[in-house]
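So this one's entry-v5.tsv, TSV, C-alpha atoms:
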chain	number	residue	atom	x	y	z
A	1	MET	CA	103.14	90.25	85.09
A	2	ARG	CA	99.93	92.31	85.19
A	3	ILE	CA	100.16	95.53	83.19
A	4	ASN	CA	99.52	97.85	86.14
A	5	LYS	CA	102.24	96.20	88.21
A	6	TYR	CA	104.62	96.32	85.24
A	7	ILE	CA	104.13	100.04	84.71
A	8	SER	CA	104.23	100.93	88.43
A	9	GLU	CA	107.60	99.19	88.76
A	10	THR	CA	109.03	101.36	85.99
A	11	GLY	CA	108.20	104.39	88.12
A	12	PHE	CA	106.03	105.92	85.40
A	13	CYS	CA	102.87	106.03	87.52
A	14	SER	CA	100.93	104.07	90.15
A	15	ARG	CA	98.71	101.07	89.48
A	16	ARG	CA	95.59	103.19	89.93
A	17	GLU	CA	96.84	105.78	87.46
A	18	THR	CA	97.68	102.94	85.05
A	19	ASN	CA	94.07	101.73	85.25
A	20	ARG	CA	92.90	105.23	84.30
A	21	LEU	CA	95.27	105.24	81.31
A	22	ILE	CA	93.96	101.84	80.24
A	23	ALA	CA	90.36	103.05	80.49
A	24	ALA	CA	91.29	106.01	78.30
A	25	GLY	CA	92.83	103.71	75.68
A	26	ARG	CA	96.25	105.34	76.02
A	27	ILE	CA	98.26	102.13	76.58
A	28	THR	CA	99.16	99.61	73.90
A	29	ILE	CA	100.90	96.22	74.10
A	30	ASN	CA	102.60	95.12	70.89
A	31	GLY	CA	100.52	97.60	68.91
A	32	LYS	CA	97.14	96.58	70.34
A	33	VAL	CA	95.10	98.71	72.74
A	34	CYS	CA	95.57	97.33	76.24
A	35	GLU	CA	92.62	95.88	78.15
A	36	LYS	CA	92.19	95.96	81.91
A	37	GLY	CA	93.99	93.07	83.63
A	38	ALA	CA	96.24	92.30	80.66
A	39	ASP	CA	99.48	90.43	81.26
A	40	VAL	CA	102.88	91.57	79.99
A	41	GLU	CA	105.90	89.44	79.08
A	42	LEU	CA	109.49	90.70	79.17
A	43	HIS	CA	109.71	90.82	75.37
A	44	ASP	CA	106.45	92.79	74.95
A	45	ILE	CA	106.54	96.40	73.77
A	46	VAL	CA	104.43	98.60	76.02
A	47	LEU	CA	103.68	102.12	74.85
A	48	ILE	CA	101.87	104.99	76.56
A	49	ASP	CA	100.63	107.61	74.13
A	50	GLY	CA	102.83	105.94	71.51
A	51	LYS	CA	106.03	106.21	73.56
A	52	GLU	CA	107.98	103.31	75.10
A	53	ILE	CA	108.70	103.19	78.83
A	54	PRO	CA	112.27	102.04	79.42
A	55	HIS	CA	113.20	100.18	82.60
A	56	GLN	CA	115.95	101.95	84.43
A	57	ASP	CA	117.77	101.77	87.74
A	58	ARG	CA	116.78	104.74	89.84
A	59	GLU	CA	117.11	106.00	93.36
A	60	ALA	CA	113.92	105.65	95.39
A	61	VAL	CA	112.28	109.00	96.10
A	62	TYR	CA	109.88	109.67	98.99
A	63	LEU	CA	108.49	113.19	99.39
A	64	ALA	CA	106.03	114.89	101.74
A	65	LEU	CA	104.12	117.86	100.30
A	66	ASN	CA	101.94	120.35	102.14
A	67	LYS	CA	99.41	120.67	99.33
A	68	PRO	CA	97.66	124.00	98.85
A	69	ILE	CA	94.01	124.33	97.86
A	70	GLY	CA	93.57	124.20	94.09
A	71	ILE	CA	96.22	121.59	93.30
A	72	VAL	CA	94.85	118.42	91.68
A	73	CYS	CA	96.31	115.04	92.68
A	74	THR	CA	96.85	113.61	89.22
A	75	ALA	CA	99.80	112.93	86.93
A	76	ALA	CA	97.76	113.86	83.86
A	77	GLU	CA	99.71	116.60	82.10
A	78	HIS	CA	96.61	118.14	80.49
A	79	VAL	CA	95.03	118.91	83.89
A	80	ALA	CA	95.75	122.47	84.98
A	81	GLY	CA	97.29	122.67	88.44
A	82	ASN	CA	98.26	118.99	88.52
A	83	ILE	CA	100.43	117.97	91.45
A	84	ILE	CA	103.37	116.71	89.38
A	85	GLN	CA	103.86	120.01	87.61
A	86	PHE	CA	103.40	121.86	90.91
A	87	VAL	CA	106.14	119.91	92.70
A	88	ASN	CA	108.37	120.02	89.58
A	89	TYR	CA	110.66	117.25	90.82
A	90	PRO	CA	113.56	116.49	88.41
A	91	SER	CA	112.62	112.81	88.01
A	92	ARG	CA	109.30	111.03	87.53
A	93	ILE	CA	107.18	110.65	90.68
A	94	PHE	CA	103.49	110.18	91.44
A	95	ALA	CA	101.18	110.83	94.38
A	96	ILE	CA	100.21	108.16	96.90
A	97	GLY	CA	96.44	108.41	97.05
A	98	ARG	CA	94.51	111.62	96.66
A	99	LEU	CA	93.55	114.81	98.45
A	100	ASP	CA	90.71	116.62	96.70
A	101	LYS	CA	91.24	119.96	95.00
A	102	ALA	CA	89.44	121.94	97.72
A	103	SER	CA	91.44	120.31	100.54
A	104	GLU	CA	94.96	121.02	101.76
A	105	GLY	CA	97.69	119.40	103.78
A	106	LEU	CA	99.87	116.32	103.72
A	107	ILE	CA	100.26	114.10	100.69
A	108	LEU	CA	103.14	111.76	99.88
A	109	LEU	CA	104.80	111.35	96.48
A	110	THR	CA	107.21	108.66	95.32
A	111	ASN	CA	108.60	106.69	92.39
A	112	ASP	CA	108.20	103.44	94.37
A	113	GLY	CA	105.17	101.61	92.98
A	114	ASP	CA	105.37	98.93	95.66
A	115	ILE	CA	104.89	101.32	98.57
A	116	VAL	CA	101.88	102.87	96.82
A	117	ASN	CA	100.16	99.51	96.61
A	118	LYS	CA	100.86	98.71	100.27
A	119	MET	CA	99.56	102.06	101.49
A	120	MET	CA	96.41	101.93	99.36
A	121	ARG	CA	95.29	98.55	100.71
A	122	SER	CA	92.25	99.48	102.83
A	123	GLU	CA	92.33	96.20	104.79
A	124	HIS	CA	95.62	97.29	106.38
A	125	HIS	CA	93.83	100.09	108.27
A	126	HIS	CA	96.48	102.77	107.79
A	127	GLU	CA	95.60	105.90	109.75
A	128	LYS	CA	95.13	109.33	108.18
A	129	GLU	CA	94.39	112.31	110.42
A	130	TYR	CA	92.52	115.49	109.43
A	131	VAL	CA	91.53	118.82	110.99
A	132	VAL	CA	88.10	119.91	109.79
A	133	THR	CA	86.28	123.24	110.13
A	134	VAL	CA	82.50	123.14	109.63
A	135	ASP	CA	79.78	125.78	109.25
A	136	LYS	CA	78.15	125.43	112.68
A	137	PRO	CA	78.95	124.24	116.21
A	138	VAL	CA	80.00	120.62	116.59
A	139	THR	CA	77.52	118.83	118.87
A	140	ASP	CA	77.94	115.68	120.93
A	141	GLU	CA	75.40	113.98	118.65
A	142	PHE	CA	77.45	114.89	115.59
A	143	MET	CA	80.66	113.60	117.20
A	144	GLN	CA	79.04	110.31	118.14
A	145	ALA	CA	77.52	109.80	114.71
A	146	MET	CA	80.80	110.54	112.93
A	147	SER	CA	82.72	108.13	115.15
A	148	GLN	CA	80.20	105.29	114.85
A	149	GLY	CA	79.79	105.48	111.09
A	150	VAL	CA	77.70	107.42	108.58
A	151	GLU	CA	75.86	106.05	105.56
A	152	ILE	CA	77.34	107.46	102.34
A	153	LEU	CA	77.77	106.00	98.86
A	154	ASP	CA	75.48	103.07	99.83
A	155	VAL	CA	77.83	101.94	102.63
A	156	VAL	CA	78.28	102.79	106.29
A	157	THR	CA	81.72	104.22	107.02
A	158	LYS	CA	83.98	102.35	109.39
A	159	PRO	CA	84.09	103.46	113.04
A	160	CYS	CA	86.74	106.13	113.55
A	161	LYS	CA	88.22	108.43	116.17
A	162	VAL	CA	86.82	111.97	116.40
A	163	TYR	CA	87.94	114.74	118.76
A	164	ARG	CA	86.44	118.20	119.25
A	165	GLN	CA	89.14	120.85	118.88
A	166	SER	CA	87.01	123.99	119.20
A	167	GLU	CA	83.39	125.03	118.74
A	168	ASP	CA	83.36	124.41	114.99
A	169	VAL	CA	86.59	122.44	114.48
A	170	PHE	CA	87.22	118.73	114.99
A	171	ARG	CA	89.97	116.21	114.30
A	172	ILE	CA	89.18	112.86	112.71
A	173	ILE	CA	91.33	109.77	112.18
A	174	LEU	CA	90.24	107.53	109.32
A	175	THR	CA	91.40	104.07	108.28
A	176	GLN	CA	89.58	104.06	104.95
A	177	GLY	CA	89.52	106.38	101.98
A	178	LEU	CA	86.15	106.65	100.29
A	179	ASN	CA	85.73	109.39	97.71
A	180	LEU	CA	85.26	112.75	99.48
A	181	GLN	CA	84.54	110.74	102.62
A	182	ILE	CA	84.71	113.46	105.29
A	183	ARG	CA	82.79	115.97	103.20
A	184	ARG	CA	80.09	113.40	102.45
A	185	MET	CA	79.88	112.30	106.09
A	186	CYS	CA	79.43	115.88	107.27
A	187	LYS	CA	76.83	116.62	104.58
A	188	ALA	CA	74.83	113.54	105.57
A	189	LEU	CA	74.64	114.94	109.12
A	190	GLY	CA	73.62	118.42	108.01
A	191	TYR	CA	77.04	120.10	108.13
A	192	ARG	CA	79.14	121.77	105.44
A	193	VAL	CA	82.94	121.57	105.45
A	194	LEU	CA	84.58	124.99	105.25
A	195	LYS	CA	88.19	123.82	105.57
A	196	LEU	CA	89.77	120.37	105.46
A	197	GLU	CA	93.45	119.78	106.19
A	198	ARG	CA	95.26	116.46	106.40
A	199	ILE	CA	97.97	116.60	109.06
A	200	ARG	CA	99.17	112.98	109.29
A	201	ILE	CA	99.52	109.80	107.20
A	202	MET	CA	100.51	106.89	109.46
A	203	ASN	CA	103.71	108.12	111.17
A	204	ILE	CA	104.38	110.96	108.70
A	205	THR	CA	103.32	114.48	109.73
A	206	LEU	CA	103.62	117.93	108.21
A	207	ASP	CA	106.33	118.72	110.80
A	208	GLN	CA	106.34	122.53	110.36
A	209	LEU	CA	106.34	122.16	106.57
A	210	GLU	CA	105.04	125.38	105.00
A	211	ARG	CA	102.02	125.30	102.71
A	212	GLY	CA	103.10	124.69	99.13
A	213	LYS	CA	106.51	123.30	100.13
A	214	TRP	CA	107.81	119.73	99.99
A	215	ARG	CA	110.59	117.81	101.70
A	216	HIS	CA	112.27	114.41	101.46
A	217	LEU	CA	111.22	111.96	104.15
A	218	GLN	CA	113.81	111.70	106.89
A	219	GLU	CA	115.62	108.36	107.11
A	220	ALA	CA	114.16	107.47	110.52
A	221	GLU	CA	110.54	108.22	109.57
A	222	LEU	CA	110.92	106.36	106.26
A	223	HIS	CA	112.29	103.29	108.03
A	224	LYS	CA	109.38	103.39	110.49
A	225	LEU	CA	106.87	103.80	107.66
A	226	LEU	CA	108.28	100.82	105.76
A	227	PHE	CA	108.33	98.75	108.95
A	228	MET	CA	104.66	99.56	109.63
A	229	LEU	CA	103.71	98.66	106.06
A	230	ASN	CA	105.56	95.35	106.20
A	231	GLN	CA	104.00	94.52	109.57
A	232	ALA	CA	100.53	95.25	108.21
A	233	LYS	CA	101.17	92.99	105.22
A	234	ALA	CA	102.47	90.18	107.45
A	235	ASN	CA	99.45	90.44	109.76
A	236	SER	CA	97.06	90.16	106.80
A	237	TRP	CA	98.40	86.74	105.80

Could I get this structure in the form of structure tokens?
Amino acid sequence: MRINKYISETGFCSRRETNRLIAAGRITINGKVCEKGADVELHDIVLIDGKEIPHQDREAVYLALNKPIGIVCTAAEHVAGNIIQFVNYPSRIFAIGRLDKASEGLILLTNDGDIVNKMMRSEHHHEKEYVVTVDKPVTDEFMQAMSQGVEILDVVTKPCKVYRQSEDVFRIILTQGLNLQIRRMCKALGYRVLKLERIRIMNITLDQLERGKWRHLQEAELHKLLFMLNQAKANSW
């Protein structure tokens, strides 16, 4: 089994977070510093920062958090304001994806490594919806350019849905997650983002959740989310 899959299934952290730990040299396998893409056997001893990660049966946890500005979406304990310490859940969880420090709104957390991997697959086109306030009036030309695709990070963003909400506020629905994508798109078109809030991930919404508070996903919305993820995986085969 690949090391990142092995660690994600223990519930310690996601595959992406595992890759960051590997790059930092914090993971060892049988006493040797782990390399990216390494395989793990059942009898191998895997340590993170010199400590073993035991496999254990655990109840699956799925949380929705209305993240405030200033909270960092990382499990790294040394990072001030990290999301894990902020939520302070009694068992180990990690964030699904990221929401930058200056942004607010919906982010999901779990101990289910499998669901993280399904949701992070860009080819499955999972929708994420945002409300964005910018520093000047939103024009028709801006709306059209945003929806058709903007060149950032040496690529053109995928077509997306954009709706004007007021003079300087718009909603945007993305199916990809490039680094600081909305902020970079706006900047490329001569706009500056003043406020960015994520209000929906697939079928999960904030649902009156107060800023800084979290809740467990309701059974019905979790079942629908898992169904959508499984359908997306089946359709990609």

Item to check | Separation of atom CA of Gly50 of chain A from atom CA of Ile96 of chain A, in Å and rounded to one decimal | outcome: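 Atom-to-atom, atom CA of Gly50 of chain A and atom CA of Ile96 of chain A are spaced 25.6 Å apart.
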
Draw an axis-aligned box tight on the listed atoms of segment 59-63 of chain A, then pad every side by 6 Å and write out centre and edge lengths in Å to one decimal as lines of an AutoDock Vina configuration file.
center_x = 112.8
center_y = 109.4
center_z = 96.4
size_x = 20.6
size_y = 19.5
size_z = 18.0

Checklist entry - Can you tell me how far atom CA of Arg215 of chain A sits from atom CA of Ile7 of chain A, in Å to one decimal? => result 25.4 Å

Would you be able to write out as a PDB file with C-alpha atoms, in the frame of the given file which residues have an atom within 10 Å of (99.3, 94.6, 86.9) in the file's coordinates, counting all atoms listed in the file?
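Writing done, so here's out_21.pdb:
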ATOM      1  CA  MET A   1     103.140  90.250  85.090  1.00  0.00           C
ATOM      2  CA  ARG A   2      99.930  92.310  85.190  1.00  0.00           C
ATOM      3  CA  ILE A   3     100.160  95.530  83.190  1.00  0.00           C
ATOM      4  CA  ASN A   4      99.520  97.850  86.140  1.00  0.00           C
ATOM      5  CA  LYS A   5     102.240  96.200  88.210  1.00  0.00           C
ATOM      6  CA  TYR A   6     104.620  96.320  85.240  1.00  0.00           C
ATOM      7  CA  ILE A   7     104.130 100.040  84.710  1.00  0.00           C
ATOM      8  CA  SER A   8     104.230 100.930  88.430  1.00  0.00           C
ATOM      9  CA  GLU A   9     107.600  99.190  88.760  1.00  0.00           C
ATOM     10  CA  ARG A  15      98.710 101.070  89.480  1.00  0.00           C
ATOM     11  CA  ARG A  16      95.590 103.190  89.930  1.00  0.00           C
ATOM     12  CA  THR A  18      97.680 102.940  85.050  1.00  0.00           C
ATOM     13  CA  ASN A  19      94.070 101.730  85.250  1.00  0.00           C
ATOM     14  CA  LYS A  36      92.190  95.960  81.910  1.00  0.00           C
ATOM     15  CA  GLY A  37      93.990  93.070  83.630  1.00  0.00           C
ATOM     16  CA  ALA A  38      96.240  92.300  80.660  1.00  0.00           C
ATOM     17  CA  ASP A  39      99.480  90.430  81.260  1.00  0.00           C
ATOM     18  CA  VAL A  40     102.880  91.570  79.990  1.00  0.00           C
TER      19      VAL A  40
END

Next on the checklist: With 10 Å as the threshold, what does the neighbourhood of (92.5, 108.0, 110.2) contain in terms of residues, counting only C-alpha atoms? Coordinates are those of the file; answer as a ChimeraX atom specification.
Outcome noted: /A:125-130,159-162,171-177,198,200-202
